[in-house]
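This report concerns only the one structure given below.
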Amino acid sequence: MQSIYPRGHRKLLNAWAFYDWANSVYSLVIASAIFPIYYSAISNAAYTSGNVPVVFQNMNNETIIIITTALAFLIVSFISPILSGVADYSGKKKQLLKLFCYMGGICSIGLAFFSFDYLWFSLLLYLLALVGFWGSLVFYNSYLPDVAYPEQQDRVSAKGFSMGYIGSVLLLIICLVLIQGGFFDDAALPTQISFVLVGLWWIGFAQYTYAYLPEGTKKDSSKVTNIFTNGFKELIKIWRELGNNLQMKRYLYAFFIYSMAVQTVMLVATYFGTEEVEWGEGGATTGLIVSILLIQLVAIAGAYIASSLSRKHGNINVLIGINSVWAIVCIYGYFVTTPMQFYITAAFVGFVMGSIQSLSRSTYSKMIPAQSTDTASYFSFYDVAEKIGIVIGMLLFAVVGEWTGSMRGSILFLVVFFVIGIILLLRVPKIKAVLVKQ
């Protein structure tokens, strides 16, 4: 069943962007805000009491979750080409989007029971929630060239991220009221309710998107012997096609490098704030939540400003500028010790976070050949590059942190990736004016 609205129609674009409103509550409430604080509290208590499995006893508490996160991204990078091949040849792109959405939402609800008393099962829930979130994005992102024309994609991509920031901030405020309101005798219960709300919000609001998106275009599979393994063949095919598309190839090299650092910062920022910032008597919880809210609100402006600047100066030139700001933020972050310094860092992170995510996605979308029907496979390639980069970035972050005994050395180390990313972006050929202004 195809959408009742044609490509470029306002209602179709709004429905696509609305999935960001639905799923971004996971990335904010669980990945960035409440779960990291909850995890730090229960893991510190477990280490103090000695209630930690032997294999983890000589690790820093944050290293456990960093390794689990890296493993989840490794799984996504492996299964996404398989699933993109199934999506392309079965015409079931929307069904796969739903599958990962429901898995992520249900496991997010399951995090209400996260405990060091049964740590392996708890880590499995965390891993599957993360796989559900990022796996669904493979198919969600691949819809962008299907629903929007190239000249619409920067704006629609920015709108999606902005809706995500607004929706996730709204739910975070609700969760904050529950946690800080003193409505429950059990101090852990409002946090656990917050995880349940994330799953219900994500699954519930996604239904609006599903009502409008087409199922996906079914390709001719008469010459395909196995649609499950064909995804890897599609990746090889796209890699070969990149040989004739030097612009996309060099852009992907740059994206692979700088996204290592971007996603690592986003995933560990709250853990850094918990472990490295001197919050004083007020404690870290309120300060971290304020910082995260600041990041989300500033990110809305960042996404739209990047979209506007790209029309004047070209996508690649704007991405070079954003990477430069990221490098400066990481250098400054090395010296952050006080809450005010952390708030300043959060404001700049929010601005460049919203801009680089939105513009990176739309820049790649514009580079996909207009006649291509392999949008899921193209975005699978994009997502595999991003996820493998995240795995490498997270593991290097953990290794440097264990080696130096502090997360500060790891933050400073990430500057290298932004510098290399800038150098590689400078090598992207100036072919399309929409991408790089001459």
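Within each chain, counting starts at residue 1; across the structure tokens, chains are named A, B, ... in the order shown, with ligands numbered 1 upward in that order.
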Sort by chain and increasing residue number a table of all residues of range 104-208 of chain A within 12 Å of range 44-51 of chain A, each with its closest pair of atoms and their distance in Å to one decimal, counting only C-alpha atoms, and write it as a Markdown table.
```
| residue | atom | partner | partner_atom | distance |
| --- | --- | --- | --- | --- |
| A:Ser115 | CA | A:Ala46 | CA | 9.3 |
| A:Phe116 | CA | A:Ala46 | CA | 6.7 |
| A:Asp117 | CA | A:Asn51 | CA | 7.3 |
| A:Tyr118 | CA | A:Asn51 | CA | 10.1 |
| A:Leu119 | CA | A:Asn51 | CA | 9.8 |
```
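For Ala206 in chain A, the list of residues within 7 Å, based on only C-alpha atoms and with local chain neighbours fewer than 4 positions off taken out, reads Tyr19, Ala22, Trp202 and Tyr210 of chain A.
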Keeping C-alpha atoms for every residue in the selection just given, could you write it to a file as a PDB file, in the first residue's frame?
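Once everything was written out, this is again-v5.pdb:
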```
ATOM      1  CA  TYR A  19       8.667  10.084  13.965  1.00  0.00           C
ATOM      2  CA  ALA A  22       8.058   9.908  18.830  1.00  0.00           C
ATOM      3  CA  TRP A 202       7.575   6.259  21.420  1.00  0.00           C
ATOM      4  CA  TYR A 210       2.783   4.836  10.167  1.00  0.00           C
TER       5      TYR A 210
END
```
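Near range 175-177 of chain A, within 10 Å and counting only C-alpha atoms, sit Val29, Ile34, Val169, Phe183, Pro190, Thr191, Gln192, Ile193, Ser194, Phe195, Leu197, Val198, Thr286 and Ile289 of chain A; same-chain residues fewer than 6 positions away were not included.
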How would the residues just chosen look if you wrote them out with all heavy atoms as a compact mmCIF listing (two decimals), in the first residue's frame?
```
# COMPACT_ATOMS: atom_id res chain seq x y z
N VAL A 29 15.72 10.98 27.22
CA VAL A 29 15.42 10.52 28.59
C VAL A 29 16.28 9.32 28.98
O VAL A 29 16.78 9.25 30.10
CB VAL A 29 13.92 10.16 28.72
CG1 VAL A 29 13.62 9.60 30.09
CG2 VAL A 29 13.07 11.40 28.45
N ILE A 34 18.04 10.78 32.13
CA ILE A 34 17.64 10.13 33.38
C ILE A 34 18.33 8.78 33.57
O ILE A 34 18.81 8.48 34.68
CB ILE A 34 16.11 9.97 33.43
CG1 ILE A 34 15.46 11.36 33.49
CG2 ILE A 34 15.69 9.13 34.62
CD1 ILE A 34 13.96 11.35 33.49
N VAL A 169 11.98 17.11 25.08
CA VAL A 169 12.06 18.04 26.20
C VAL A 169 10.74 18.05 26.98
O VAL A 169 10.73 18.07 28.22
CB VAL A 169 12.40 19.47 25.71
CG1 VAL A 169 12.12 20.51 26.80
CG2 VAL A 169 13.86 19.54 25.28
N PHE A 183 6.10 12.84 44.98
CA PHE A 183 4.77 12.23 44.98
C PHE A 183 4.79 10.78 45.48
O PHE A 183 3.74 10.22 45.78
CB PHE A 183 4.17 12.25 43.57
CG PHE A 183 4.08 13.63 42.97
CD1 PHE A 183 4.84 13.99 41.87
CD2 PHE A 183 3.22 14.57 43.52
CE1 PHE A 183 4.74 15.25 41.32
CE2 PHE A 183 3.11 15.83 42.98
CZ PHE A 183 3.89 16.18 41.88
N PRO A 190 9.56 7.04 40.62
CA PRO A 190 9.32 7.99 39.54
C PRO A 190 10.29 7.85 38.37
O PRO A 190 9.91 8.06 37.21
CB PRO A 190 9.48 9.35 40.23
CG PRO A 190 10.18 9.09 41.50
CD PRO A 190 9.79 7.71 41.91
N THR A 191 11.54 7.45 38.67
CA THR A 191 12.49 7.19 37.59
C THR A 191 12.05 5.99 36.77
O THR A 191 12.11 6.00 35.54
CB THR A 191 13.90 6.95 38.17
OG1 THR A 191 14.32 8.11 38.88
CG2 THR A 191 14.89 6.65 37.06
N GLN A 192 11.59 4.95 37.46
CA GLN A 192 11.11 3.76 36.76
C GLN A 192 9.87 4.06 35.92
O GLN A 192 9.73 3.58 34.79
CB GLN A 192 10.81 2.66 37.78
CG GLN A 192 12.07 2.16 38.49
CD GLN A 192 11.75 1.29 39.70
OE1 GLN A 192 10.78 1.55 40.41
NE2 GLN A 192 12.56 0.28 39.94
N ILE A 193 8.99 4.91 36.44
CA ILE A 193 7.80 5.32 35.68
C ILE A 193 8.24 6.10 34.43
O ILE A 193 7.63 5.98 33.35
CB ILE A 193 6.87 6.18 36.56
CG1 ILE A 193 6.25 5.33 37.67
CG2 ILE A 193 5.78 6.84 35.71
CD1 ILE A 193 5.44 6.11 38.67
N SER A 194 9.31 6.86 34.55
CA SER A 194 9.81 7.63 33.40
C SER A 194 10.20 6.72 32.25
O SER A 194 9.93 7.01 31.08
CB SER A 194 11.02 8.47 33.84
OG SER A 194 10.66 9.43 34.81
N PHE A 195 10.83 5.59 32.57
CA PHE A 195 11.21 4.64 31.52
C PHE A 195 9.97 4.04 30.85
O PHE A 195 9.95 3.82 29.63
CB PHE A 195 12.09 3.53 32.10
CG PHE A 195 13.37 4.03 32.71
CD1 PHE A 195 13.95 3.38 33.79
CD2 PHE A 195 14.00 5.16 32.21
CE1 PHE A 195 15.13 3.82 34.34
CE2 PHE A 195 15.19 5.62 32.76
CZ PHE A 195 15.75 4.95 33.84
N LEU A 197 7.08 5.57 30.56
CA LEU A 197 6.51 6.64 29.73
C LEU A 197 7.24 6.78 28.41
O LEU A 197 6.62 7.07 27.38
CB LEU A 197 6.56 7.97 30.50
CG LEU A 197 5.61 8.10 31.69
CD1 LEU A 197 5.83 9.44 32.40
CD2 LEU A 197 4.16 7.98 31.24
N VAL A 198 8.56 6.58 28.42
CA VAL A 198 9.33 6.65 27.17
C VAL A 198 8.82 5.62 26.17
O VAL A 198 8.56 5.94 25.00
CB VAL A 198 10.83 6.42 27.45
CG1 VAL A 198 11.59 6.18 26.14
CG2 VAL A 198 11.43 7.62 28.16
N THR A 286 20.04 17.76 39.40
CA THR A 286 19.38 18.96 38.89
C THR A 286 20.24 19.66 37.85
O THR A 286 19.76 20.08 36.79
CB THR A 286 19.06 19.94 40.04
OG1 THR A 286 18.21 19.27 40.98
CG2 THR A 286 18.35 21.17 39.51
N ILE A 289 20.25 17.75 34.51
CA ILE A 289 18.98 17.87 33.81
C ILE A 289 18.85 19.25 33.17
O ILE A 289 18.42 19.39 32.01
CB ILE A 289 17.79 17.62 34.76
CG1 ILE A 289 17.81 16.17 35.27
CG2 ILE A 289 16.47 17.92 34.08
CD1 ILE A 289 17.60 15.13 34.21
```
Based on the backbone DSSP call, show me all residues of range 117-356 of chain A assigned alpha helix (DSSP H), as a ChimeraX atom specification. /A:119-142,144-147,150-180,189-212,230-242,246-276,284-313,315-334,339-356
Exercise: range 410-420 of chain A partners within 6 Å, only C-alpha atoms, chain neighbours under 3 positions left out, as a list in words: Ile257, Tyr258, Ala261, Asn323, Ala327, Cys330, Ile331, Tyr334, Phe397, Val400, Gly401, Met407 and Ile423 of chain A
Please write the residues from the selection above to a file, keeping all heavy atoms, as a short mmCIF file (atom, residue, chain, number, x, y, z; two decimals), in the first residue's frame.
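Contents of the output file result-v3.cif:
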```cif
data_model
loop_
_atom_site.label_atom_id
_atom_site.label_comp_id
_atom_site.auth_asym_id
_atom_site.auth_seq_id
_atom_site.Cartn_x
_atom_site.Cartn_y
_atom_site.Cartn_z
N ILE A 257 34.60 9.60 10.05
CA ILE A 257 35.57 10.05 11.05
C ILE A 257 34.94 11.00 12.07
O ILE A 257 35.03 10.78 13.28
CB ILE A 257 36.78 10.73 10.37
CG1 ILE A 257 37.54 9.72 9.51
CG2 ILE A 257 37.70 11.36 11.41
CD1 ILE A 257 38.16 8.58 10.29
N TYR A 258 34.26 12.06 11.59
CA TYR A 258 33.78 13.03 12.57
C TYR A 258 32.57 12.52 13.36
O TYR A 258 32.36 12.93 14.50
CB TYR A 258 33.51 14.39 11.94
CG TYR A 258 32.31 14.56 11.04
CD1 TYR A 258 31.00 14.51 11.52
CD2 TYR A 258 32.47 14.86 9.68
CE1 TYR A 258 29.90 14.70 10.69
CE2 TYR A 258 31.39 15.06 8.84
CZ TYR A 258 30.11 14.97 9.35
OH TYR A 258 29.00 15.18 8.54
N ALA A 261 33.38 10.97 16.78
CA ALA A 261 33.51 11.88 17.90
C ALA A 261 32.16 12.48 18.32
O ALA A 261 31.87 12.59 19.51
CB ALA A 261 34.49 13.00 17.53
N ASN A 323 32.35 21.41 12.41
CA ASN A 323 33.39 20.54 12.95
C ASN A 323 34.46 21.34 13.69
O ASN A 323 35.01 20.88 14.70
CB ASN A 323 34.04 19.71 11.84
CG ASN A 323 33.30 18.42 11.55
OD1 ASN A 323 33.59 17.39 12.15
ND2 ASN A 323 32.35 18.48 10.63
N ALA A 327 35.59 20.85 17.67
CA ALA A 327 36.96 20.67 18.16
C ALA A 327 37.27 21.63 19.31
O ALA A 327 37.86 21.24 20.33
CB ALA A 327 37.96 20.88 17.01
N CYS A 330 35.53 20.48 22.55
CA CYS A 330 36.22 19.37 23.22
C CYS A 330 37.46 19.86 23.97
O CYS A 330 37.75 19.38 25.08
CB CYS A 330 36.60 18.29 22.21
SG CYS A 330 35.20 17.33 21.61
N ILE A 331 38.19 20.79 23.37
CA ILE A 331 39.36 21.35 24.06
C ILE A 331 38.93 22.07 25.33
O ILE A 331 39.52 21.90 26.41
CB ILE A 331 40.13 22.31 23.13
CG1 ILE A 331 40.74 21.52 21.96
CG2 ILE A 331 41.22 23.05 23.89
CD1 ILE A 331 41.32 22.39 20.86
N TYR A 334 37.90 19.74 28.26
CA TYR A 334 38.97 19.14 29.06
C TYR A 334 39.20 19.89 30.36
O TYR A 334 39.57 19.30 31.38
CB TYR A 334 40.26 19.12 28.23
CG TYR A 334 41.46 18.57 28.98
CD1 TYR A 334 41.65 17.20 29.11
CD2 TYR A 334 42.41 19.42 29.55
CE1 TYR A 334 42.74 16.68 29.79
CE2 TYR A 334 43.50 18.92 30.23
CZ TYR A 334 43.66 17.55 30.35
OH TYR A 334 44.74 17.04 31.03
N PHE A 397 37.38 5.66 23.45
CA PHE A 397 37.07 6.51 24.60
C PHE A 397 37.25 5.72 25.90
O PHE A 397 37.85 6.22 26.87
CB PHE A 397 35.63 7.02 24.49
CG PHE A 397 35.28 8.09 25.48
CD1 PHE A 397 35.41 9.44 25.14
CD2 PHE A 397 34.81 7.77 26.75
CE1 PHE A 397 35.10 10.43 26.06
CE2 PHE A 397 34.50 8.75 27.67
CZ PHE A 397 34.64 10.09 27.32
N VAL A 400 41.14 4.95 26.43
CA VAL A 400 41.87 6.14 26.88
C VAL A 400 41.47 6.51 28.30
O VAL A 400 42.30 6.89 29.13
CB VAL A 400 41.62 7.33 25.92
CG1 VAL A 400 42.26 8.61 26.46
CG2 VAL A 400 42.17 7.02 24.54
N GLY A 401 40.17 6.34 28.61
CA GLY A 401 39.70 6.63 29.97
C GLY A 401 40.31 5.70 31.00
O GLY A 401 40.71 6.14 32.08
N MET A 407 37.94 10.62 32.37
CA MET A 407 37.29 10.83 31.08
C MET A 407 37.81 12.08 30.38
O MET A 407 37.53 12.28 29.20
CB MET A 407 35.78 10.92 31.28
CG MET A 407 35.16 9.67 31.89
SD MET A 407 33.38 9.84 32.24
CE MET A 407 32.71 9.63 30.60
N ILE A 423 39.72 18.06 7.47
CA ILE A 423 40.65 17.86 6.34
C ILE A 423 39.98 17.07 5.22
O ILE A 423 40.09 17.41 4.03
CB ILE A 423 41.93 17.13 6.82
CG1 ILE A 423 42.71 18.03 7.79
CG2 ILE A 423 42.80 16.73 5.63
CD1 ILE A 423 43.87 17.33 8.49
#
```
Enter the distance from CA of Ile30 in chain A to CA of Ala254 in chain A, in Å, rounded to one decimal.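 Between these atoms lies a distance of 28.6 Å.
CA of Leu130 in chain A to CA of Arg155 in chain A spans 27.1 Å [interatomic distance, one decimal].
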For each of A:Ser355, A:Ser291, A:Ser80, A:Thr274, take the minimum atom-to-atom distance to Tyr382 in chain A, counting only C-alpha atoms, then give the residue where this is smallest.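 Among the listed residues, A:Ser80 lies closest to Tyr382 in chain A.
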